[in-house]
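Undergrad: Once you've had a glance at the structure underneath, I'll fire off some questions.
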Amino acid sequence: MGAGGAKEAPLQDPRDVMHLVETLKQAVAAIVEGEGLTDGLDRIAVETPRDPTHGDFATNAAMVLAKAAKRNPRELGELIAARLADSPLVTSASVAGPGFVNITISPEAAAAVVRAAQDGAAFTALAQTDAPQKVNVEYVSANPTGPLHVGHARGAVVGDALANILALRGHEVTREYYINDAGAQVDVLARSAFLRYREALGETIEIPSGLYPGDYLVPVGEALAAEHGRALLDQEEAAWLPLVRETAIAMMMEAVRGDLAVLSIEHGTFFSEKSLQSPEDIVGKTIARLESEGLVYEGTLPRPKGQAEDWEDREQTLFRSTEFGDDMDRALKKSDGSYTYFASDIAYHDHKIQRGYHRLIDVLGADHGGYVKRMTAAVAALSHREVKLDCLLCQLVKLYRAGEPVKMSKRAGDFVTLREVVDEVGADPVRFMMLYRKSDAPLDFDFAKVTEQSRDNPVFYVQYAHARCASVKRQAVEAFDATILDDLASAPLESLADSGERSLVVALALWPQLLASAADVAEPHRVAFYLHELAAALHTQWNRGKDDVTLRFVNAEARDLTRARLALVEAVQAVLRQGLSALGVSAPNEMR
RNA sequence: GUCCUCGUAGCUCAGUCGGAUAGAGCACAGGAUUCCUAAUCCUGGGGUCGCAGGUUCGAAUCCUGCCGGGGACACCA
């Protein structure tokens, strides 16, 4: 658009407006572009102002562009405001403060939002990107050496919700679990299971320290006894270990899947670490490739300061991760010549890259924080900086029971399992609470509070808002008849003029954009907080009906007005349902 | 010692690619009896955004240095 063509902002007929926020943004962009200002267009934002008296929306466009344009921001703001005010979507627009343009939307625009949001799925689809990617989300990936505990639950829920959100954003998402079935720990598992096998055959066993004592291995021992009888007893460890290991891993992974299923989590791909080592030695090939690019060498690492008593200064096979931002180069082989975990993980991430993903996301426990730089470096090296790896660190979950910390010790299998927690409080509260916090912040999880059905509990607060919407519709049918709910989109939505109704409309309008940004920055908690706010706006409006009867959603004297408000309620319900569904939380129609 | 992460109301936390007078819940004080669920709502007090500099029209947000909590630091996974 040239400077001369500055006249028409792309403001459609309000009936066609689906994504109001985006439309307003484009309108603002068109106006400033018409002025020949293009520097900083992507920084233009249309947001809700903190103070509602400033209007429904505000844009920072004038301030963002003023500097590059060497123009007075307020003057530019005046121009934007004047043009915007011509739009059928805008009732008034004015400049305030240092150059904000405050916008009050028209009744027609509000109506368009409600109409769009009533079809929750179509409305949510507005969040879809026009640049879809193949995204791999790897989460949980717990060692197959026992059942999942609460700590795993957080990563599981965060990863699952994130995958949902990315899919709603329009990306092609794979949910993946990396099975660490190649290291020393699964050998320990096998030895532990072998003891249980002997136990199943009648021996009295004693579990030495260093092996896994948990009685979840008892069934494994029994299965081994049933399958092999006494045949393994006389064999050397080298002979029975692979057999036992395979059975134990398979049964543990079955248990893991079962644990995840109670949270409705299902991975699409389970990737075996062992498959990278044999029979094809994919790890070796990947390292060879890095070597051919000069990124692998034999060398010594500096001794870390302040510790490492048994430090042994020797040559190692190292990856030049420092060239990609790591603090030091990292070992690829252990002293016995076998690959390090890192080497396997390099091959694994390379495998993901070869599978064509544009973006990799690893959901990790916070204790893996020190691992992020080297893995990010490896992915950069492997993909020649084409593929981005995001590591999402999940902090610890601290369990409380009525304010008292729940003690857990690692020995003796004395930990609280994921299944125990879900059995006690239910999947919905567990999922929502895990998401109602930034993932990199520690989380206090109090059994008493999480099961409490009160407003203190955000899960019930949001679910109740959804149920209340359903209840309002039921009440409307009672006050009128079943046809009251027919074709609500044709109701006179322009009559939704009350400030509380307007607040709900504005909250609804933000949904697609919010969902999109939650996906882009990989922060599922934003969705949870948004839902809480939308629920609050609904509860508030419902309660205002107590003070002022004319504000009630259902008004037996005014059928058309009631229908318009029911449309609003239906839209709120639809968005709540979409959001809850994205988080994997149910949206009940009544709370009992 | 190095790196990562966090530090916002009495408590638990949002807000951070720079934007208007920094928000919510809990707790505390007060209030809402005929009403679609009082599982809700309203009002109020409460802040040197860890400290100190810097960048600029503008900093909780970006940079530097400190302080404090948590985590990780060859050969584990």
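In the structure tokens, chains take the letters A, B, ... in the order shown, each chain's residues start at 1, and ligands count up from 1 in the order shown.
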Dump as an MDAnalysis selection string the residues of chain B that approach chain A to within 9 Å, counting only C-alpha atoms (C1' of nucleotides).

TA: chainID B and resid 1:6 12:14 19:20 24:26 32 35:37 39:41 57:58 70:77

Undergrad: At a cut-off of 6 Å, using only C-alpha atoms (C1' of nucleotides), what residues contact segment 570-582 of chain A? Leave out same-chain residues fewer than 4 positions from it and give the result as a compact mmCIF listing (two decimals) with N, CA, C and O atoms, in the first residue's frame.

TA:
```txt
# COMPACT_ATOMS: atom_id res chain seq x y z
N VAL A 114 -19.56 -12.44 20.20
CA VAL A 114 -20.41 -13.46 20.81
C VAL A 114 -20.82 -14.50 19.78
O VAL A 114 -20.78 -15.71 20.02
N ALA A 117 -17.90 -16.75 19.07
CA ALA A 117 -17.46 -17.61 20.18
C ALA A 117 -18.46 -18.73 20.47
O ALA A 117 -18.10 -19.73 21.09
N GLN A 118 -19.69 -18.54 20.04
CA GLN A 118 -20.69 -19.58 20.31
C GLN A 118 -20.29 -20.92 19.73
O GLN A 118 -20.56 -21.95 20.31
N GLY A 120 -17.52 -22.84 19.68
CA GLY A 120 -16.23 -22.86 20.37
C GLY A 120 -15.10 -23.40 19.51
O GLY A 120 -14.00 -22.86 19.51
N ASN A 164 -1.39 -30.51 23.46
CA ASN A 164 -2.75 -30.14 23.06
C ASN A 164 -2.78 -28.73 22.49
O ASN A 164 -3.40 -28.46 21.46
N HIS A 466 -18.49 -23.23 34.26
CA HIS A 466 -19.04 -23.96 33.12
C HIS A 466 -20.39 -24.58 33.49
O HIS A 466 -21.37 -24.47 32.73
N CYS A 469 -23.14 -22.05 33.55
CA CYS A 469 -23.66 -21.73 32.22
C CYS A 469 -24.74 -22.74 31.82
O CYS A 469 -25.81 -22.37 31.31
N LEU A 566 -28.42 -15.36 26.74
CA LEU A 566 -28.15 -16.79 26.64
C LEU A 566 -27.07 -17.07 25.59
O LEU A 566 -26.25 -17.98 25.75
N ALA A 587 -15.32 -30.74 31.63
CA ALA A 587 -16.20 -29.57 31.76
C ALA A 587 -17.59 -30.06 32.10
O ALA A 587 -18.41 -30.30 31.21
```

Undergrad: When DSSP is applied to the backbone of this structure, which of segment 170-405 of chain A are assigned alpha helix (DSSP H)? Write them out as a PyMOL selection string.

TA: chain A and resi 184-200+218-228+237-261+282-292+341-354+372-382

Undergrad: Taking 4 positions as the minimum chain separation for residues in the same chain, which residues sit within 12 Å of U61 of chain B when counting only C-alpha atoms (C1' of nucleotides)? Answer as a PyMOL selection string.

TA: chain B and resi 8+15-19+22+49

Undergrad: Between A:Ala82, A:Val150, A:Ala112, A:Ile361, single out the one closest to Glu420 of chain A, counting only C-alpha atoms.

TA: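 Of A:Ala82, A:Val150, A:Ala112, A:Ile361, the one nearest Glu420 of chain A is A:Val150, counting only C-alpha atoms.
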
Undergrad: Run DSSP on the backbone and tell me which residues of segment 330-571 of chain A come out as strand (DSSP E); list them as a PyMOL selection string.

TA: chain A and resi 330-331+359-365+388-394+397-401+404-405+443-446

Undergrad: Just N, CA and C atoms for this one: save the residues we selected as a tab-separated table (two decimals), in the first residue's frame.

TA:
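Listing of part33.tsv after writing:
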```tsv
chain	number	residue	atom	x	y	z
A	330	ARG	N	31.86	-31.72	26.25
A	330	ARG	CA	31.24	-32.80	27.03
A	330	ARG	C	31.68	-34.17	26.55
A	331	ALA	N	31.80	-35.07	27.50
A	331	ALA	CA	32.30	-36.42	27.21
A	331	ALA	C	31.26	-37.24	26.46
A	359	ARG	N	10.70	-28.21	15.28
A	359	ARG	CA	10.86	-27.72	16.64
A	359	ARG	C	10.81	-28.91	17.60
A	360	LEU	N	11.76	-28.94	18.52
A	360	LEU	CA	11.81	-30.01	19.52
A	360	LEU	C	11.56	-29.40	20.89
A	361	ILE	N	10.74	-30.05	21.66
A	361	ILE	CA	10.51	-29.59	23.03
A	361	ILE	C	10.75	-30.76	23.97
A	362	ASP	N	11.62	-30.56	24.94
A	362	ASP	CA	11.87	-31.57	25.97
A	362	ASP	C	11.31	-31.04	27.28
A	363	VAL	N	10.41	-31.78	27.87
A	363	VAL	CA	9.92	-31.41	29.19
A	363	VAL	C	10.74	-32.20	30.21
A	364	LEU	N	11.48	-31.48	31.02
A	364	LEU	CA	12.45	-32.12	31.91
A	364	LEU	C	12.20	-31.74	33.36
A	365	GLY	N	12.72	-32.55	34.25
A	365	GLY	CA	12.74	-32.18	35.65
A	365	GLY	C	13.80	-31.12	35.89
A	388	LYS	N	15.22	-25.82	16.42
A	388	LYS	CA	15.30	-25.24	17.75
A	388	LYS	C	14.84	-26.24	18.79
A	389	LEU	N	15.63	-26.35	19.83
A	389	LEU	CA	15.24	-27.19	20.97
A	389	LEU	C	14.85	-26.29	22.13
A	390	ASP	N	13.65	-26.47	22.63
A	390	ASP	CA	13.22	-25.78	23.85
A	390	ASP	C	13.16	-26.79	24.97
A	391	CYS	N	13.82	-26.48	26.05
A	391	CYS	CA	13.73	-27.34	27.22
A	391	CYS	C	12.85	-26.66	28.27
A	392	LEU	N	11.85	-27.37	28.68
A	392	LEU	CA	10.94	-26.84	29.67
A	392	LEU	C	11.26	-27.52	31.00
A	393	LEU	N	11.72	-26.74	31.94
A	393	LEU	CA	12.10	-27.33	33.22
A	393	LEU	C	10.93	-27.30	34.19
A	394	CYS	N	10.59	-28.44	34.73
A	394	CYS	CA	9.53	-28.50	35.72
A	394	CYS	C	10.12	-28.61	37.11
A	397	VAL	N	7.46	-30.83	42.95
A	397	VAL	CA	6.15	-30.74	43.58
A	397	VAL	C	6.33	-31.12	45.04
A	398	LYS	N	5.94	-30.21	45.91
A	398	LYS	CA	6.01	-30.52	47.34
A	398	LYS	C	4.62	-30.89	47.83
A	399	LEU	N	4.52	-32.05	48.41
A	399	LEU	CA	3.22	-32.52	48.88
A	399	LEU	C	2.96	-32.10	50.31
A	400	TYR	N	1.72	-31.66	50.54
A	400	TYR	CA	1.32	-31.32	51.89
A	400	TYR	C	0.00	-32.01	52.19
A	401	ARG	N	-0.19	-32.27	53.46
A	401	ARG	CA	-1.48	-32.78	53.90
A	401	ARG	C	-1.93	-31.87	55.02
A	404	GLU	N	0.88	-29.82	56.49
A	404	GLU	CA	2.08	-30.53	56.91
A	404	GLU	C	2.74	-31.21	55.72
A	405	PRO	N	4.03	-31.04	55.58
A	405	PRO	CA	4.71	-31.70	54.46
A	405	PRO	C	4.59	-33.21	54.55
A	443	LEU	N	6.01	-26.01	43.15
A	443	LEU	CA	4.56	-26.16	43.32
A	443	LEU	C	4.26	-26.84	44.65
A	444	ASP	N	3.45	-26.18	45.44
A	444	ASP	CA	2.97	-26.80	46.67
A	444	ASP	C	1.63	-27.44	46.38
A	445	PHE	N	1.53	-28.68	46.71
A	445	PHE	CA	0.32	-29.44	46.39
A	445	PHE	C	-0.24	-29.98	47.69
A	446	ASP	N	-1.33	-29.36	48.14
A	446	ASP	CA	-1.91	-29.75	49.42
A	446	ASP	C	-3.17	-30.57	49.16
```
